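I have placed the structure first, in the form of structure tokens, so that the comments after it can refer back to it.
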Amino acid sequence: MEQLLHDLILSPAWHFTAARGLTLILIVMTIAGYSVLLERKASAWIQGRVGPNRTMHPLIGWIPFIGTFLAKGGFIQPAADGGKFLFKEDALPGHVRKFYYVLAPIIALAPALAVLVMLPFGEFLYEGKRYAISLTQGADVGVLFMFAVSSLGVYGIALAGWSANSKFPFLGAVRGAAQLISYELAMGLSVLTIFLATSVPGEDHGLSLVAMVNAQSGAWNILTQPIAALVFLICVFAETNRHPFDMPESETDLVGGFHTEYGAFKFGIFFVAEYSHMIIGSTLFILMFLGGWHVLPWMPTVGEGWIGSLIGVATFFLKLCFFLFFFVWVRWTLPRFRYDQVMRIGWRVLLPIAVLNLLAYFAWYAIRG
Amino acid sequence: MAIKVVERRPLTLAERTYLPQILAGLKVTWDNMVRPSVTLQYPEERPTIPKNYRGVPTLIMDPNGREKCVSCQLCEFVCPPKAIRITPGEISEDATNAHVEKAPKEFEINMLRCIYCGLCQEVCPEEAIFLQSQYSLTGLTRESMVNNKVKLYELGGTLPDGHHKWDKKKEEAEKQAGGHH
């Protein structure tokens with residue numbers, strides 16, 4: 001078992017590498033699809049409705065109990081949604097800049113998938129050494145890479161808004177870009193305090209996500225640095241363009257925002273990209289503040305060997321599920337901020353708080369030595 | 001009246017952070033989420049129709065199974081969208097309700113025109129036409145949306161009736177027949 005795990009995760013053979021990459025993409029795409037289902041179900045529950053409960057494949061629906069359960073839970077719905085997007089007429093409006101119009105969804109999705117390269121979501125022991133379960137072992141620039149690349153997703157939005165050549169997408173794109181710039185600052189500053197806490201002088205993996213998680217084997221960062229966690233959380237909401245910060249989309253004032261002119265599978269890709277960004281944002285928060293794959297504060301692992309690492313991965317996914325639910329929960333609770341309010345919160349509230357927080361931790365570490 | 005000055009309290013710091021409000025809102029939505037849903041699963045579950053519901057207009061029979069409509073055509077004339085068309089006819093001598101009145105030979109209500117206003121029910125002197133609980137009427141052709149007499153009686157059925165009009169007519173007719181010597 002351990003040898004197999006080792007091969008699956010560490011073997012440099014090309015087929016293992018390809019399998020790893022494909023598996024991860026498959027998993028994330030599946031989670032993205034099912035978080036759409038979660039969105040629909042949770043919003044229905046919050047509003048006293050039932051949500052998708054009839055979609056069924058005749059072959060599966062024939063199975064007693066399981067078929068009914070799958071139908072009631074809407075588990076076939078993501079496939080039906082995807083199929084619908086796939087088979088719809090892919091209309092290309094006459095007034096768009098065609099090359100960029102087609103390029104935009106790809107640019108929106110690609111960074112979200114590229115970020116997965118750096119994503120660790122577990123750990124296992126092999127011959128006395130600890131390895132992260134990730135596509136890239138021990139990349140020191142994990143955090144930096146994730147921040148840099150995941151922010152590129154806004155280029156997709158900007159490009160979509162510009163190439164669509166009509167006013168609502170344009171406004172949405174401008175808002176999206178402005179919002180990203182405003183919140184990236186506070187986000188980076190709030191993360192700096194985590195670097196202060198985790199990077200020990202003399203060690204050379206200060207920016208590695210694995211090191212960050214391992215530094216939380218005692219208290220989680222959310223307990224020691226609640227203000228940074230709060231600022232980061234709000235910024236994640238803003239960066240992923242989720243309610244109450246969904247300025248680029250804002251259906252009520254911008255029709256559909258940046259994807260007004262999009263339909264069929266191109267719109268579907270934007271949709272998946274949004275949920276992939278949610279997944280990335282959640283994993284970042286989990287890795288940096290919620291102890292990653294550690295089960296509980298002061299209780300990093302349960303079980304030994306591969307069972308322990310399996311429980312760790314399961315913990316990570318549970319946390320991820322909770323976070324995706326939290327995104328949905330907040331969306332169906334809060335109304336959208338006005339655009340000027342978004343800017344005010346970003347620049348006049350979160351940024352000063354993040355700076356002061358950072359200075360306070362600077363001072364504290366300086367005094368403590 | 002004395003003027004009462006309502007104090008406009010400035011927001012506290014907690015309120016200005018907006019966070020307690022967000023948490024309260026999250027609690028509200030959570031409570032809603034764990035509450036059972038109010039959805040009626042329509043084709044399987046049907047709503048309860050109130051007694052005075054104005055559904056599809058129907059023709060009814062009296063408790064003895066005789067048709068009550070005497071084809072006076074008041075409903076046809078009052079019908080605002082002109083959805084009703086009646087062809088008056090005679091009642092044959094040996095019918096159980098053959099005494100004085102007429103009966104419709106054909107009675108058609110075009111449900112593509114009907115606006116469910118209920119004026120036909122209101123105007124009917126014989127209490128023969130009623131808008132009942134049928135609320136879902138569909139068809140695949142225009143012809144199938146025109147309810148003919150058979151369909152109307154099928155939909156209407158029998159309603160309780162205290163008048164016993166035809167019994168009284170019969171009694172009267174027999175009395176008059178007996179009076180002629």
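Letters for chains follow the order of the structure tokens (A, B, ...), residue numbers begin at 1 for each chain, and ligand numbers begin at 1 in the order shown.
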(Q) DSSP on the backbone, alpha helix (DSSP H) only: what residues of stretch 59-142 of chain B does that give? Format it as a PyMOL selection string. (A) chain B and resi 74-78+119-123
Dump of C-alpha atoms for the selected residues, as a tab-separated table (two decimals), in the first residue's frame:
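And here's selection.tsv as it stands now:
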chain	number	residue	atom	x	y	z
B	74	LEU	CA	-79.29	33.40	-20.92
B	75	CYS	CA	-75.75	32.19	-20.31
B	76	GLU	CA	-75.03	32.36	-24.02
B	77	PHE	CA	-76.16	35.97	-24.13
B	78	VAL	CA	-74.45	37.06	-20.93
B	119	LEU	CA	-71.44	35.13	-15.11
B	120	CYS	CA	-73.09	32.04	-16.67
B	121	GLN	CA	-73.41	30.46	-13.25
B	122	GLU	CA	-74.75	33.70	-11.81
B	123	VAL	CA	-77.32	34.26	-14.53
Q) Once you count only C-alpha atoms, which residues of chain A turn out to be within 6 Å of chain B? Could you give them as a ChimeraX atom specification? A) /A:45-46,48-49,333
Neighbours of A:Arg130 within 12 Å (only C-alpha atoms; same-chain residues fewer than 4 positions away dropped), as a PDB file with N, CA and C atoms, in the first residue's frame?
ATOM      1  N   HIS A   6       3.331   5.726  -2.725  1.00  0.00           N
ATOM      2  CA  HIS A   6       4.574   6.400  -3.066  1.00  0.00           C
ATOM      3  C   HIS A   6       4.687   6.564  -4.580  1.00  0.00           C
ATOM      4  N   LEU A  10       4.751  10.135  -6.037  1.00  0.00           N
ATOM      5  CA  LEU A  10       6.105  10.644  -6.231  1.00  0.00           C
ATOM      6  C   LEU A  10       6.792  10.176  -7.512  1.00  0.00           C
ATOM      7  N   GLY A 122      -2.586  16.876   1.389  1.00  0.00           N
ATOM      8  CA  GLY A 122      -2.397  15.775   2.312  1.00  0.00           C
ATOM      9  C   GLY A 122      -0.923  15.495   2.488  1.00  0.00           C
ATOM     10  N   GLU A 123      -0.636  14.475   3.246  1.00  0.00           N
ATOM     11  CA  GLU A 123       0.748  14.196   3.568  1.00  0.00           C
ATOM     12  C   GLU A 123       0.889  12.714   3.851  1.00  0.00           C
ATOM     13  N   PHE A 124       2.014  12.136   3.506  1.00  0.00           N
ATOM     14  CA  PHE A 124       2.203  10.743   3.910  1.00  0.00           C
ATOM     15  C   PHE A 124       3.671  10.474   4.191  1.00  0.00           C
ATOM     16  N   LEU A 125       3.886   9.414   4.964  1.00  0.00           N
ATOM     17  CA  LEU A 125       5.231   9.055   5.394  1.00  0.00           C
ATOM     18  C   LEU A 125       5.755   7.932   4.515  1.00  0.00           C
ATOM     19  N   TYR A 126       6.974   8.068   4.073  1.00  0.00           N
ATOM     20  CA  TYR A 126       7.574   6.969   3.321  1.00  0.00           C
ATOM     21  C   TYR A 126       9.026   6.858   3.731  1.00  0.00           C
ATOM     22  N   GLN A 137       6.399  18.460  -5.628  1.00  0.00           N
ATOM     23  CA  GLN A 137       6.924  18.245  -4.292  1.00  0.00           C
ATOM     24  C   GLN A 137       7.775  19.415  -3.845  1.00  0.00           C
ATOM     25  N   GLY A 138       7.460  19.903  -2.642  1.00  0.00           N
ATOM     26  CA  GLY A 138       8.340  20.855  -1.985  1.00  0.00           C
ATOM     27  C   GLY A 138       8.669  22.081  -2.797  1.00  0.00           C
ATOM     28  N   VAL A 210       3.147  23.634   2.264  1.00  0.00           N
ATOM     29  CA  VAL A 210       3.298  22.475   3.138  1.00  0.00           C
ATOM     30  C   VAL A 210       3.897  22.907   4.469  1.00  0.00           C
ATOM     31  N   ALA A 211       4.914  23.765   4.388  1.00  0.00           N
ATOM     32  CA  ALA A 211       5.529  24.256   5.612  1.00  0.00           C
ATOM     33  C   ALA A 211       4.530  25.042   6.435  1.00  0.00           C
ATOM     34  N   ASN A 214       2.328  22.620   8.208  1.00  0.00           N
ATOM     35  CA  ASN A 214       3.036  21.943   9.289  1.00  0.00           C
ATOM     36  C   ASN A 214       3.290  22.866  10.473  1.00  0.00           C
ATOM     37  N   GLY A 305       0.460   5.670   9.508  1.00  0.00           N
ATOM     38  CA  GLY A 305       0.734   5.251   8.141  1.00  0.00           C
ATOM     39  C   GLY A 305      -0.261   5.785   7.127  1.00  0.00           C
ATOM     40  N   TRP A 306      -0.634   4.891   6.197  1.00  0.00           N
ATOM     41  CA  TRP A 306      -1.485   5.361   5.093  1.00  0.00           C
ATOM     42  C   TRP A 306      -2.897   5.654   5.563  1.00  0.00           C
ATOM     43  N   SER A 309      -2.771   9.211   6.655  1.00  0.00           N
ATOM     44  CA  SER A 309      -2.753  10.186   5.558  1.00  0.00           C
ATOM     45  C   SER A 309      -4.105  10.232   4.861  1.00  0.00           C
TER      46      SER A 309
END
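Around A:Ala354, within 6 Å and counting only C-alpha atoms, the residues found are Ala186, Leu189 and Ser190 of chain A, once anything fewer than 6 positions away on its own chain is removed.
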Go ahead and write the selection's residues with C-alpha atoms as a CSV table (one decimal), in the first residue's frame.
chain,number,residue,atom,x,y,z
A,186,ALA,CA,-5.4,43.7,1.7
A,189,LEU,CA,-0.9,42.1,3.6
A,190,SER,CA,-3.0,39.8,5.6
Q: Could you give me the residues within chain B that DSSP places in strand (DSSP E), as an MDAnalysis selection string?
A: chainID B and resid 57:59 84:89 103:110 129:131 146:147
**Q.** Test item: residues at most 7 Å from stretch 109-116 of chain B, only C-alpha atoms, excluding those fewer than 5 positions along its chain, as JSON, numbers by chain
**A.** {"B": [54, 55, 56, 81, 83, 84, 85, 145, 146, 147, 148]}
Contacts between stretch 261-273 of chain A and stretch 112-214 of chain A, please, where a residue of stretch 112-214 of chain A counts if it comes within 10 Å (with only C-alpha atoms); show its shortest atom pair and distance in Å to one decimal, rows by chain and ascending number, as JSON lines.
{"residue": "A:Ala112", "atom": "CA", "partner": "A:Ala273", "partner_atom": "CA", "distance": 6.6}
{"residue": "A:Leu113", "atom": "CA", "partner": "A:Ala273", "partner_atom": "CA", "distance": 8.6}
{"residue": "A:Gly153", "atom": "CA", "partner": "A:Ala273", "partner_atom": "CA", "distance": 8.2}
{"residue": "A:Gly156", "atom": "CA", "partner": "A:Phe270", "partner_atom": "CA", "distance": 8.6}
{"residue": "A:Ile157", "atom": "CA", "partner": "A:Phe270", "partner_atom": "CA", "distance": 8.7}
{"residue": "A:Ala160", "atom": "CA", "partner": "A:Tyr262", "partner_atom": "CA", "distance": 8.6}
{"residue": "A:Gly161", "atom": "CA", "partner": "A:Glu261", "partner_atom": "CA", "distance": 8.8}
{"residue": "A:Ser163", "atom": "CA", "partner": "A:Glu261", "partner_atom": "CA", "distance": 9.6}
{"residue": "A:Ala164", "atom": "CA", "partner": "A:Glu261", "partner_atom": "CA", "distance": 6.1}
{"residue": "A:Asn165", "atom": "CA", "partner": "A:Glu261", "partner_atom": "CA", "distance": 8.9}
{"residue": "A:Ser166", "atom": "CA", "partner": "A:Glu261", "partner_atom": "CA", "distance": 8.2}
{"residue": "A:Phe168", "atom": "CA", "partner": "A:Glu261", "partner_atom": "CA", "distance": 9.1}
{"residue": "A:Pro169", "atom": "CA", "partner": "A:Glu261", "partner_atom": "CA", "distance": 7.4}
Q: Write out as a PyMOL selection string each polymer residue whose atoms come within 10 Å of A:Phe323, counting only C-alpha atoms; drop sequence neighbours fewer than 4 positions from it.
A: chain A and resi 278-279+281-283+285-286+317-319+327-329
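Taking atom CA of B:Lys149 and atom CA of B:Lys102 as the two end points, the separation is 14.9 Å.
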Exercise: stretch 330-332 of chain A partners within 7 Å, only C-alpha atoms, chain neighbours under 5 positions left out, as a tab-separated table (two decimals) with C-alpha atoms, in the first residue's frame:
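Written output follows (part.tsv):
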chain	number	residue	atom	x	y	z
A	43	SER	CA	-30.50	28.14	-2.07
A	243	HIS	CA	-21.81	37.55	-3.21
A	244	PRO	CA	-21.84	40.05	-1.64
B	26	LEU	CA	-26.62	33.69	8.56
